[in-house]
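Undergrad: To be precise about what I am sending: the file is called data_8.tsv and holds TSV, N, CA and C atoms.
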```tsv
chain	number	residue	atom	x	y	z
A	3	MET	N	-33.12	24.04	-74.45
A	3	MET	CA	-32.61	23.44	-73.27
A	3	MET	C	-31.09	23.26	-73.32
A	4	THR	N	-30.55	23.17	-74.44
A	4	THR	CA	-29.12	22.98	-74.55
A	4	THR	C	-28.35	24.17	-74.02
A	5	GLN	N	-28.92	25.36	-74.21
A	5	GLN	CA	-28.27	26.55	-73.69
A	5	GLN	C	-28.29	26.51	-72.16
A	6	GLN	N	-29.38	26.09	-71.57
A	6	GLN	CA	-29.48	25.98	-70.12
A	6	GLN	C	-28.54	24.87	-69.60
A	7	ALA	N	-28.47	23.82	-70.36
A	7	ALA	CA	-27.61	22.72	-69.96
A	7	ALA	C	-26.15	23.16	-70.00
A	8	ALA	N	-25.79	23.95	-71.02
A	8	ALA	CA	-24.41	24.43	-71.14
A	8	ALA	C	-24.09	25.39	-69.98
A	9	ALA	N	-25.06	26.26	-69.63
A	9	ALA	CA	-24.86	27.20	-68.51
A	9	ALA	C	-24.74	26.41	-67.21
A	10	LEU	N	-25.58	25.42	-67.06
A	10	LEU	CA	-25.54	24.58	-65.86
A	10	LEU	C	-24.20	23.85	-65.76
A	11	GLN	N	-23.69	23.37	-66.89
A	11	GLN	CA	-22.40	22.69	-66.91
A	11	GLN	C	-21.28	23.66	-66.55
A	12	THR	N	-21.36	24.90	-67.05
A	12	THR	CA	-20.36	25.91	-66.73
A	12	THR	C	-20.38	26.23	-65.25
A	13	TYR	N	-21.60	26.40	-64.68
A	13	TYR	CA	-21.71	26.66	-63.24
A	13	TYR	C	-21.16	25.50	-62.43
A	14	ASN	N	-21.49	24.30	-62.90
A	14	ASN	CA	-21.02	23.11	-62.21
A	14	ASN	C	-19.49	23.05	-62.23
A	15	ASN	N	-18.89	23.33	-63.38
A	15	ASN	CA	-17.42	23.32	-63.50
A	15	ASN	C	-16.79	24.37	-62.58
A	16	GLU	N	-17.39	25.57	-62.56
A	16	GLU	CA	-16.87	26.63	-61.69
A	16	GLU	C	-17.01	26.26	-60.21
A	17	LEU	N	-18.15	25.66	-59.88
A	17	LEU	CA	-18.40	25.23	-58.50
A	17	LEU	C	-17.37	24.17	-58.08
A	18	VAL	N	-17.12	23.21	-58.94
A	18	VAL	CA	-16.14	22.17	-58.65
A	18	VAL	C	-14.76	22.79	-58.50
A	19	LYS	N	-14.42	23.75	-59.39
A	19	LYS	CA	-13.14	24.41	-59.32
A	19	LYS	C	-13.00	25.19	-58.01
A	20	CYS	N	-14.04	25.90	-57.59
A	20	CYS	CA	-14.01	26.63	-56.32
A	20	CYS	C	-13.84	25.69	-55.14
A	21	ILE	N	-14.56	24.57	-55.17
A	21	ILE	CA	-14.45	23.59	-54.08
A	21	ILE	C	-13.04	23.02	-54.04
A	22	GLU	N	-12.45	22.75	-55.18
A	22	GLU	CA	-11.09	22.23	-55.22
A	22	GLU	C	-10.09	23.26	-54.68
A	23	GLU	N	-10.28	24.53	-55.02
A	23	GLU	CA	-9.41	25.59	-54.50
A	23	GLU	C	-9.54	25.71	-52.98
A	24	LEU	N	-10.78	25.63	-52.48
A	24	LEU	CA	-11.00	25.68	-51.03
A	24	LEU	C	-10.33	24.49	-50.35
A	25	CYS	N	-10.47	23.32	-50.96
A	25	CYS	CA	-9.83	22.13	-50.40
A	25	CYS	C	-8.31	22.28	-50.40
A	26	SER	N	-7.77	22.85	-51.45
A	26	SER	CA	-6.33	23.06	-51.54
A	26	SER	C	-5.87	24.05	-50.46
A	27	LYS	N	-6.62	25.12	-50.28
A	27	LYS	CA	-6.29	26.10	-49.24
A	27	LYS	C	-6.40	25.48	-47.85
A	28	ARG	N	-7.41	24.65	-47.65
A	28	ARG	CA	-7.56	23.96	-46.36
A	28	ARG	C	-6.38	23.03	-46.11
A	29	ASP	N	-5.96	22.30	-47.14
A	29	ASP	CA	-4.82	21.39	-47.01
A	29	ASP	C	-3.55	22.17	-46.64
A	30	GLU	N	-3.34	23.32	-47.29
A	30	GLU	CA	-2.18	24.16	-46.97
A	30	GLU	C	-2.27	24.66	-45.53
A	31	LEU	N	-3.46	25.08	-45.12
A	31	LEU	CA	-3.66	25.54	-43.75
A	31	LEU	C	-3.40	24.41	-42.76
A	32	ASN	N	-3.87	23.21	-43.06
A	32	ASN	CA	-3.61	22.04	-42.21
A	32	ASN	C	-2.11	21.77	-42.08
A	33	ARG	N	-1.39	21.91	-43.21
A	33	ARG	CA	0.06	21.71	-43.19
A	33	ARG	C	0.72	22.74	-42.27
A	34	GLN	N	0.29	24.00	-42.37
A	34	GLN	CA	0.84	25.06	-41.52
A	34	GLN	C	0.50	24.82	-40.05
A	35	ILE	N	-0.72	24.38	-39.79
A	35	ILE	CA	-1.15	24.09	-38.41
A	35	ILE	C	-0.28	22.97	-37.83
A	36	LYS	N	-0.09	21.91	-38.61
A	36	LYS	CA	0.73	20.79	-38.14
A	36	LYS	C	2.15	21.25	-37.87
A	37	GLN	N	2.69	22.07	-38.75
A	37	GLN	CA	4.05	22.58	-38.58
A	37	GLN	C	4.15	23.43	-37.31
A	38	GLU	N	3.18	24.29	-37.06
A	38	GLU	CA	3.20	25.13	-35.86
A	38	GLU	C	2.99	24.30	-34.59
A	39	GLU	N	2.16	23.26	-34.67
A	39	GLU	CA	1.98	22.39	-33.50
A	39	GLU	C	3.28	21.67	-33.15
A	40	GLU	N	4.01	21.23	-34.18
A	40	GLU	CA	5.30	20.58	-33.95
A	40	GLU	C	6.29	21.57	-33.33
A	41	GLU	N	6.30	22.79	-33.84
A	41	GLU	CA	7.18	23.83	-33.28
A	41	GLU	C	6.79	24.12	-31.83
A	42	LYS	N	5.50	24.16	-31.56
A	42	LYS	CA	5.02	24.39	-30.19
A	42	LYS	C	5.50	23.28	-29.26
A	43	GLU	N	5.41	22.03	-29.70
A	43	GLU	CA	5.89	20.90	-28.89
A	43	GLU	C	7.39	21.01	-28.63
A	44	ARG	N	8.16	21.37	-29.68
A	44	ARG	CA	9.61	21.53	-29.50
A	44	ARG	C	9.90	22.64	-28.49
A	45	LEU	N	9.19	23.75	-28.61
A	45	LEU	CA	9.41	24.86	-27.69
A	45	LEU	C	9.03	24.48	-26.26
A	46	GLN	N	7.93	23.78	-26.10
A	46	GLN	CA	7.53	23.35	-24.76
A	46	GLN	C	8.56	22.40	-24.16
A	47	HIS	N	9.09	21.53	-24.99
A	47	HIS	CA	10.14	20.62	-24.53
A	47	HIS	C	11.37	21.42	-24.11
A	48	ASP	N	11.77	22.36	-24.95
A	48	ASP	CA	12.94	23.21	-24.63
A	48	ASP	C	12.70	23.97	-23.33
A	49	ILE	N	11.49	24.47	-23.14
A	49	ILE	CA	11.16	25.21	-21.91
A	49	ILE	C	11.30	24.29	-20.70
A	50	ARG	N	10.80	23.05	-20.82
A	50	ARG	CA	10.93	22.10	-19.70
A	50	ARG	C	12.39	21.84	-19.39
A	51	VAL	N	13.17	21.59	-20.44
A	51	VAL	CA	14.60	21.30	-20.25
A	51	VAL	C	15.30	22.50	-19.62
A	52	LEU	N	15.02	23.69	-20.14
A	52	LEU	CA	15.66	24.90	-19.60
A	52	LEU	C	15.19	25.19	-18.18
A	53	SER	N	13.93	24.93	-17.89
A	53	SER	CA	13.43	25.15	-16.53
A	53	SER	C	14.12	24.22	-15.54
A	54	GLU	N	14.30	22.97	-15.93
A	54	GLU	CA	15.01	22.02	-15.08
A	54	GLU	C	16.46	22.46	-14.88
A	55	LYS	N	17.09	22.90	-15.96
A	55	LYS	CA	18.47	23.36	-15.87
A	55	LYS	C	18.56	24.60	-14.99
A	56	LEU	N	17.62	25.52	-15.16
A	56	LEU	CA	17.61	26.73	-14.32
A	56	LEU	C	17.44	26.36	-12.86
A	57	SER	N	16.60	25.39	-12.58
A	57	SER	CA	16.40	24.95	-11.20
A	57	SER	C	17.70	24.39	-10.62
A	58	ARG	N	18.40	23.57	-11.39
A	58	ARG	CA	19.66	23.00	-10.93
A	58	ARG	C	20.70	24.10	-10.71
A	59	VAL	N	20.76	25.05	-11.62
A	59	VAL	CA	21.73	26.14	-11.49
A	59	VAL	C	21.40	26.99	-10.27
A	60	ASN	N	20.12	27.27	-10.04
A	60	ASN	CA	19.73	28.05	-8.87
A	60	ASN	C	20.10	27.32	-7.58
A	61	GLU	N	19.89	26.02	-7.55
A	61	GLU	CA	20.24	25.22	-6.37
A	61	GLU	C	21.76	25.26	-6.13
A	62	SER	N	22.51	25.07	-7.20
A	62	SER	CA	23.97	25.11	-7.09
A	62	SER	C	24.44	26.49	-6.65
A	63	LEU	N	23.84	27.51	-7.22
A	63	LEU	CA	24.21	28.88	-6.87
A	63	LEU	C	23.92	29.17	-5.41
A	64	THR	N	22.80	28.70	-4.92
A	64	THR	CA	22.46	28.89	-3.51
A	64	THR	C	23.50	28.22	-2.62
A	65	GLN	N	23.91	27.01	-2.97
A	65	GLN	CA	24.93	26.31	-2.19
A	65	GLN	C	26.27	27.03	-2.25
A	66	ARG	N	26.63	27.50	-3.41
A	66	ARG	CA	27.91	28.20	-3.56
A	66	ARG	C	27.90	29.54	-2.81
A	67	LEU	N	26.77	30.23	-2.83
A	67	LEU	CA	26.67	31.49	-2.09
A	67	LEU	C	26.81	31.25	-0.59
A	68	ALA	N	26.20	30.17	-0.12
A	68	ALA	CA	26.32	29.82	1.30
A	68	ALA	C	27.77	29.48	1.64
A	69	ALA	N	28.42	28.74	0.76
A	69	ALA	CA	29.83	28.38	0.99
A	69	ALA	C	30.70	29.63	0.99
A	70	ARG	N	30.44	30.55	0.06
A	70	ARG	CA	31.22	31.79	0.02
A	70	ARG	C	31.03	32.59	1.30
A	71	SER	N	29.79	32.61	1.78
A	71	SER	CA	29.51	33.32	3.03
A	71	SER	C	30.30	32.71	4.18
A	72	THR	N	30.38	31.40	4.20
A	72	THR	CA	31.16	30.71	5.23
A	72	THR	C	32.65	31.07	5.10
A	73	PHE	N	33.15	31.07	3.86
A	73	PHE	CA	34.54	31.48	3.64
A	73	PHE	C	34.77	32.91	4.12
A	74	ASP	N	33.86	33.81	3.75
A	74	ASP	CA	34.01	35.22	4.16
A	74	ASP	C	34.07	35.34	5.67
A	75	ARG	N	33.15	34.64	6.34
A	75	ARG	CA	33.11	34.70	7.81
A	75	ARG	C	34.39	34.13	8.41
A	76	THR	N	34.83	32.99	7.90
A	76	THR	CA	36.05	32.35	8.42
A	76	THR	C	37.26	33.25	8.19
A	77	ILE	N	37.35	33.84	7.02
A	77	ILE	CA	38.48	34.74	6.72
A	77	ILE	C	38.45	35.94	7.65
A	78	ALA	N	37.27	36.54	7.84
A	78	ALA	CA	37.17	37.71	8.72
A	78	ALA	C	37.56	37.35	10.15
A	79	GLU	N	37.09	36.21	10.63
A	79	GLU	CA	37.43	35.78	11.99
A	79	GLU	C	38.93	35.50	12.12
A	80	THR	N	39.49	34.86	11.12
A	80	THR	CA	40.92	34.54	11.14
A	80	THR	C	41.77	35.80	11.08
A	81	GLU	N	41.36	36.75	10.22
A	81	GLU	CA	42.11	38.00	10.14
A	81	GLU	C	42.03	38.77	11.46
A	82	ALA	N	40.87	38.77	12.10
A	82	ALA	CA	40.72	39.45	13.39
A	82	ALA	C	41.61	38.80	14.44
A	83	ALA	N	41.61	37.47	14.47
A	83	ALA	CA	42.46	36.75	15.43
A	83	ALA	C	43.93	37.01	15.12
A	84	TYR	N	44.30	37.02	13.87
A	84	TYR	CA	45.69	37.27	13.49
A	84	TYR	C	46.10	38.68	13.90
A	85	THR	N	45.21	39.65	13.71
A	85	THR	CA	45.50	41.02	14.14
A	85	THR	C	45.74	41.06	15.64
A	86	LYS	N	44.93	40.35	16.42
A	86	LYS	CA	45.12	40.29	17.87
A	86	LYS	C	46.46	39.65	18.22
A	87	ILE	N	46.81	38.60	17.48
A	87	ILE	CA	48.10	37.94	17.71
A	87	ILE	C	49.25	38.91	17.44
A	88	LEU	N	49.15	39.67	16.35
A	88	LEU	CA	50.19	40.65	16.03
A	88	LEU	C	50.29	41.71	17.12
A	89	GLU	N	49.14	42.18	17.58
A	89	GLU	CA	49.14	43.19	18.64
A	89	GLU	C	49.76	42.62	19.92
A	90	SER	N	49.40	41.39	20.24
A	90	SER	CA	49.97	40.74	21.44
A	90	SER	C	51.46	40.53	21.28
A	91	SER	N	51.88	40.12	20.09
A	91	SER	CA	53.31	39.91	19.84
A	91	SER	C	54.06	41.22	19.98
A	92	GLN	N	53.48	42.30	19.46
A	92	GLN	CA	54.12	43.60	19.57
A	92	GLN	C	54.24	44.02	21.03
A	93	SER	N	53.17	43.83	21.79
A	93	SER	CA	53.21	44.15	23.23
A	93	SER	C	54.23	43.30	23.95
A	94	LEU	N	54.25	42.01	23.64
A	94	LEU	CA	55.20	41.10	24.27
A	94	LEU	C	56.64	41.51	23.95
A	95	LEU	N	56.89	41.85	22.69
A	95	LEU	CA	58.22	42.26	22.28
A	95	LEU	C	58.63	43.54	23.02
A	96	SER	N	57.70	44.46	23.13
A	96	SER	CA	57.99	45.72	23.83
A	96	SER	C	58.33	45.45	25.29
A	97	VAL	N	57.52	44.61	25.96
A	97	VAL	CA	57.78	44.26	27.36
A	97	VAL	C	59.10	43.53	27.48
A	98	LEU	N	59.37	42.61	26.57
A	98	LEU	CA	60.61	41.84	26.60
A	98	LEU	C	61.82	42.75	26.44
A	99	LYS	N	61.75	43.71	25.52
A	99	LYS	CA	62.87	44.64	25.34
A	99	LYS	C	63.07	45.48	26.60
A	100	GLN	N	61.98	45.91	27.19
A	100	GLN	CA	62.08	46.71	28.41
A	100	GLN	C	62.71	45.89	29.53
A	101	GLU	N	62.25	44.66	29.70
A	101	GLU	CA	62.81	43.79	30.74
A	101	GLU	C	64.27	43.48	30.46
A	102	ALA	N	64.61	43.24	29.19
A	102	ALA	CA	66.00	42.96	28.83
A	102	ALA	C	66.86	44.16	29.16
A	103	GLY	N	66.33	45.35	28.90
A	103	GLY	CA	67.06	46.57	29.24
A	103	GLY	C	67.26	46.68	30.73
A	104	ASN	N	66.21	46.37	31.50
A	104	ASN	CA	66.31	46.42	32.96
A	104	ASN	C	67.31	45.38	33.47
A	105	LEU	N	67.28	44.20	32.86
A	105	LEU	CA	68.22	43.15	33.27
A	105	LEU	C	69.65	43.55	32.93
A	106	SER	N	69.81	44.17	31.79
A	106	SER	CA	71.16	44.60	31.41
A	106	SER	C	71.68	45.62	32.41
A	107	LYS	N	70.85	46.55	32.81
A	107	LYS	CA	71.26	47.55	33.79
A	107	LYS	C	71.57	46.89	35.13
A	108	ALA	N	70.77	45.90	35.48
A	108	ALA	CA	70.95	45.24	36.78
A	108	ALA	C	72.20	44.40	36.79
A	109	THR	N	72.61	43.89	35.65
A	109	THR	CA	73.77	43.01	35.62
A	109	THR	C	75.05	43.74	35.29
A	110	GLU	N	74.98	45.01	34.97
A	110	GLU	CA	76.20	45.77	34.68
A	110	GLU	C	76.97	45.97	35.98
A	111	PRO	N	78.28	45.92	35.89
A	111	PRO	CA	79.05	46.18	37.11
A	111	PRO	C	78.84	47.63	37.54
A	112	ARG	N	78.75	47.79	38.80
A	112	ARG	CA	78.54	49.15	39.31
A	112	ARG	C	79.85	49.89	39.33
A	113	ARG	N	79.78	51.09	38.99
A	113	ARG	CA	81.00	51.91	39.03
A	113	ARG	C	81.15	52.46	40.46
A	114	THR	N	82.23	52.30	40.89
A	114	THR	CA	82.48	52.84	42.23
A	114	THR	C	83.15	54.19	42.08
A	115	GLU	N	82.68	55.08	42.81
A	115	GLU	CA	83.23	56.41	42.71
A	115	GLU	C	84.33	56.57	43.77
A	116	HIS	N	85.44	57.08	43.40
A	116	HIS	CA	86.57	57.27	44.32
A	116	HIS	C	86.70	58.68	44.69
```
Is it possible to give me this structure as structure tokens?
TA:
Amino acid sequence: MTQQAAALQTYNNELVKCIEELCSKRDELNRQIKQEEEEKERLQHDIRVLSEKLSRVNESLTQRLAARSTFDRTIAETEAAYTKILESSQSLLSVLKQEAGNLSKATEPRRTEH
């Protein structure tokens, strides 16, 4: 019986050693799981923060694009009006020179022919 008892003790020791190794591997796996869960929480937090920031930037960008569009329209309208003013000024100047020339001719003393 002592031989059987020794074999049984050896099996028991090996079984205990295997269980301890499994427990150790499980503990390491639990540590890795906890670490990845913490990383997941950090990433989810970062995603929320970045999503909120992206939303604010998109809103600001939309407002700025609308403002730029207003500037573009105002500039185009002002340039068109300014071009019309220049054209009118040029026409006015031309008419004024012509009238001044006519007035000069009208006010010149007439030459009398002898």
Undergrad: Any idea what the distance is between CA of Ser62 (chain A) and CA of Glu81 (chain A)?
TA: 28.1 Å
Undergrad: In Å, how far is it from CA of Thr64 (chain A) to atom C of Thr76 (chain A)?
TA: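 Interatomic distance here is 19.4 Å.
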Undergrad: Quick one: axis-aligned box around all listed atoms of region 60-63 of chain A, 4 Å on every side, centre and edge lengths in Å to one decimal, written as JSON.
TA:
```
{"center_x": 22.1, "center_y": 27.1, "center_z": -7.7, "size_x": 12.7, "size_y": 12.1, "size_z": 12.6}
```
Undergrad: As a PDB file, in the coordinates of the input, could you write out region 8-19 of chain A once it has been completed with all heavy atoms?
TA:
```pdb
ATOM      1  N   ALA A   8     -25.790  23.950 -71.020  1.00  0.00           N
ATOM      2  CA  ALA A   8     -24.410  24.430 -71.140  1.00  0.00           C
ATOM      3  C   ALA A   8     -24.090  25.390 -69.980  1.00  0.00           C
ATOM      4  O   ALA A   8     -23.002  25.334 -69.384  1.00  0.00           O
ATOM      5  CB  ALA A   8     -24.206  25.136 -72.469  1.00  0.00           C
ATOM      6  N   ALA A   9     -25.060  26.260 -69.630  1.00  0.00           N
ATOM      7  CA  ALA A   9     -24.860  27.200 -68.510  1.00  0.00           C
ATOM      8  C   ALA A   9     -24.740  26.410 -67.210  1.00  0.00           C
ATOM      9  O   ALA A   9     -23.887  26.708 -66.364  1.00  0.00           O
ATOM     10  CB  ALA A   9     -26.009  28.197 -68.450  1.00  0.00           C
ATOM     11  N   LEU A  10     -25.580  25.420 -67.060  1.00  0.00           N
ATOM     12  CA  LEU A  10     -25.540  24.580 -65.860  1.00  0.00           C
ATOM     13  C   LEU A  10     -24.200  23.850 -65.760  1.00  0.00           C
ATOM     14  O   LEU A  10     -23.614  23.765 -64.677  1.00  0.00           O
ATOM     15  CB  LEU A  10     -26.706  23.597 -65.868  1.00  0.00           C
ATOM     16  CG  LEU A  10     -26.908  22.774 -64.606  1.00  0.00           C
ATOM     17  CD1 LEU A  10     -27.107  23.682 -63.390  1.00  0.00           C
ATOM     18  CD2 LEU A  10     -28.087  21.849 -64.760  1.00  0.00           C
ATOM     19  N   GLN A  11     -23.690  23.370 -66.890  1.00  0.00           N
ATOM     20  CA  GLN A  11     -22.400  22.690 -66.910  1.00  0.00           C
ATOM     21  C   GLN A  11     -21.280  23.660 -66.550  1.00  0.00           C
ATOM     22  O   GLN A  11     -20.366  23.314 -65.797  1.00  0.00           O
ATOM     23  CB  GLN A  11     -22.147  22.075 -68.307  1.00  0.00           C
ATOM     24  CG  GLN A  11     -20.882  21.269 -68.402  1.00  0.00           C
ATOM     25  CD  GLN A  11     -20.869  20.053 -67.477  1.00  0.00           C
ATOM     26  OE1 GLN A  11     -21.893  19.385 -67.309  1.00  0.00           O
ATOM     27  NE2 GLN A  11     -19.722  19.793 -66.876  1.00  0.00           N
ATOM     28  N   THR A  12     -21.360  24.900 -67.050  1.00  0.00           N
ATOM     29  CA  THR A  12     -20.360  25.910 -66.730  1.00  0.00           C
ATOM     30  C   THR A  12     -20.380  26.230 -65.250  1.00  0.00           C
ATOM     31  O   THR A  12     -19.331  26.300 -64.599  1.00  0.00           O
ATOM     32  CB  THR A  12     -20.631  27.203 -67.545  1.00  0.00           C
ATOM     33  OG1 THR A  12     -20.582  26.882 -68.944  1.00  0.00           O
ATOM     34  CG2 THR A  12     -19.594  28.268 -67.253  1.00  0.00           C
ATOM     35  N   TYR A  13     -21.600  26.400 -64.680  1.00  0.00           N
ATOM     36  CA  TYR A  13     -21.710  26.660 -63.240  1.00  0.00           C
ATOM     37  C   TYR A  13     -21.160  25.500 -62.430  1.00  0.00           C
ATOM     38  O   TYR A  13     -20.476  25.689 -61.428  1.00  0.00           O
ATOM     39  CB  TYR A  13     -23.174  26.932 -62.852  1.00  0.00           C
ATOM     40  CG  TYR A  13     -23.771  28.172 -63.459  1.00  0.00           C
ATOM     41  CD1 TYR A  13     -25.114  28.224 -63.808  1.00  0.00           C
ATOM     42  CD2 TYR A  13     -23.002  29.316 -63.672  1.00  0.00           C
ATOM     43  CE1 TYR A  13     -25.672  29.359 -64.353  1.00  0.00           C
ATOM     44  CE2 TYR A  13     -23.567  30.451 -64.238  1.00  0.00           C
ATOM     45  CZ  TYR A  13     -24.894  30.474 -64.577  1.00  0.00           C
ATOM     46  OH  TYR A  13     -25.445  31.590 -65.122  1.00  0.00           O
ATOM     47  N   ASN A  14     -21.490  24.300 -62.900  1.00  0.00           N
ATOM     48  CA  ASN A  14     -21.020  23.110 -62.210  1.00  0.00           C
ATOM     49  C   ASN A  14     -19.490  23.050 -62.230  1.00  0.00           C
ATOM     50  O   ASN A  14     -18.857  22.762 -61.210  1.00  0.00           O
ATOM     51  CB  ASN A  14     -21.616  21.864 -62.862  1.00  0.00           C
ATOM     52  CG  ASN A  14     -21.255  20.602 -62.092  1.00  0.00           C
ATOM     53  OD1 ASN A  14     -21.364  20.568 -60.866  1.00  0.00           O
ATOM     54  ND2 ASN A  14     -20.806  19.577 -62.799  1.00  0.00           N
ATOM     55  N   ASN A  15     -18.890  23.330 -63.380  1.00  0.00           N
ATOM     56  CA  ASN A  15     -17.420  23.320 -63.500  1.00  0.00           C
ATOM     57  C   ASN A  15     -16.790  24.370 -62.580  1.00  0.00           C
ATOM     58  O   ASN A  15     -15.782  24.106 -61.916  1.00  0.00           O
ATOM     59  CB  ASN A  15     -16.992  23.560 -64.942  1.00  0.00           C
ATOM     60  CG  ASN A  15     -17.296  22.374 -65.846  1.00  0.00           C
ATOM     61  OD1 ASN A  15     -17.530  21.271 -65.367  1.00  0.00           O
ATOM     62  ND2 ASN A  15     -17.299  22.607 -67.147  1.00  0.00           N
ATOM     63  N   GLU A  16     -17.390  25.570 -62.560  1.00  0.00           N
ATOM     64  CA  GLU A  16     -16.870  26.630 -61.690  1.00  0.00           C
ATOM     65  C   GLU A  16     -17.010  26.260 -60.210  1.00  0.00           C
ATOM     66  O   GLU A  16     -16.121  26.515 -59.405  1.00  0.00           O
ATOM     67  CB  GLU A  16     -17.590  27.948 -61.984  1.00  0.00           C
ATOM     68  CG  GLU A  16     -17.154  28.575 -63.296  1.00  0.00           C
ATOM     69  CD  GLU A  16     -17.832  29.919 -63.545  1.00  0.00           C
ATOM     70  OE1 GLU A  16     -18.208  30.610 -62.568  1.00  0.00           O
ATOM     71  OE2 GLU A  16     -17.972  30.273 -64.734  1.00  0.00           O
ATOM     72  N   LEU A  17     -18.150  25.660 -59.880  1.00  0.00           N
ATOM     73  CA  LEU A  17     -18.400  25.230 -58.500  1.00  0.00           C
ATOM     74  C   LEU A  17     -17.370  24.170 -58.080  1.00  0.00           C
ATOM     75  O   LEU A  17     -16.795  24.251 -56.990  1.00  0.00           O
ATOM     76  CB  LEU A  17     -19.835  24.711 -58.348  1.00  0.00           C
ATOM     77  CG  LEU A  17     -20.258  24.292 -56.946  1.00  0.00           C
ATOM     78  CD1 LEU A  17     -20.138  25.475 -55.986  1.00  0.00           C
ATOM     79  CD2 LEU A  17     -21.667  23.755 -56.953  1.00  0.00           C
ATOM     80  N   VAL A  18     -17.120  23.210 -58.940  1.00  0.00           N
ATOM     81  CA  VAL A  18     -16.140  22.170 -58.650  1.00  0.00           C
ATOM     82  C   VAL A  18     -14.760  22.790 -58.500  1.00  0.00           C
ATOM     83  O   VAL A  18     -14.004  22.436 -57.588  1.00  0.00           O
ATOM     84  CB  VAL A  18     -16.166  21.076 -59.747  1.00  0.00           C
ATOM     85  CG1 VAL A  18     -14.970  20.146 -59.627  1.00  0.00           C
ATOM     86  CG2 VAL A  18     -17.470  20.285 -59.691  1.00  0.00           C
ATOM     87  N   LYS A  19     -14.420  23.750 -59.390  1.00  0.00           N
ATOM     88  CA  LYS A  19     -13.140  24.410 -59.320  1.00  0.00           C
ATOM     89  C   LYS A  19     -13.000  25.190 -58.010  1.00  0.00           C
ATOM     90  O   LYS A  19     -11.959  25.135 -57.344  1.00  0.00           O
ATOM     91  CB  LYS A  19     -12.975  25.360 -60.512  1.00  0.00           C
ATOM     92  CG  LYS A  19     -11.627  26.029 -60.582  1.00  0.00           C
ATOM     93  CD  LYS A  19     -11.531  26.926 -61.809  1.00  0.00           C
ATOM     94  CE  LYS A  19     -10.209  27.658 -61.810  1.00  0.00           C
ATOM     95  NZ  LYS A  19     -10.129  28.625 -62.911  1.00  0.00           N
TER      96      LYS A  19
END
```
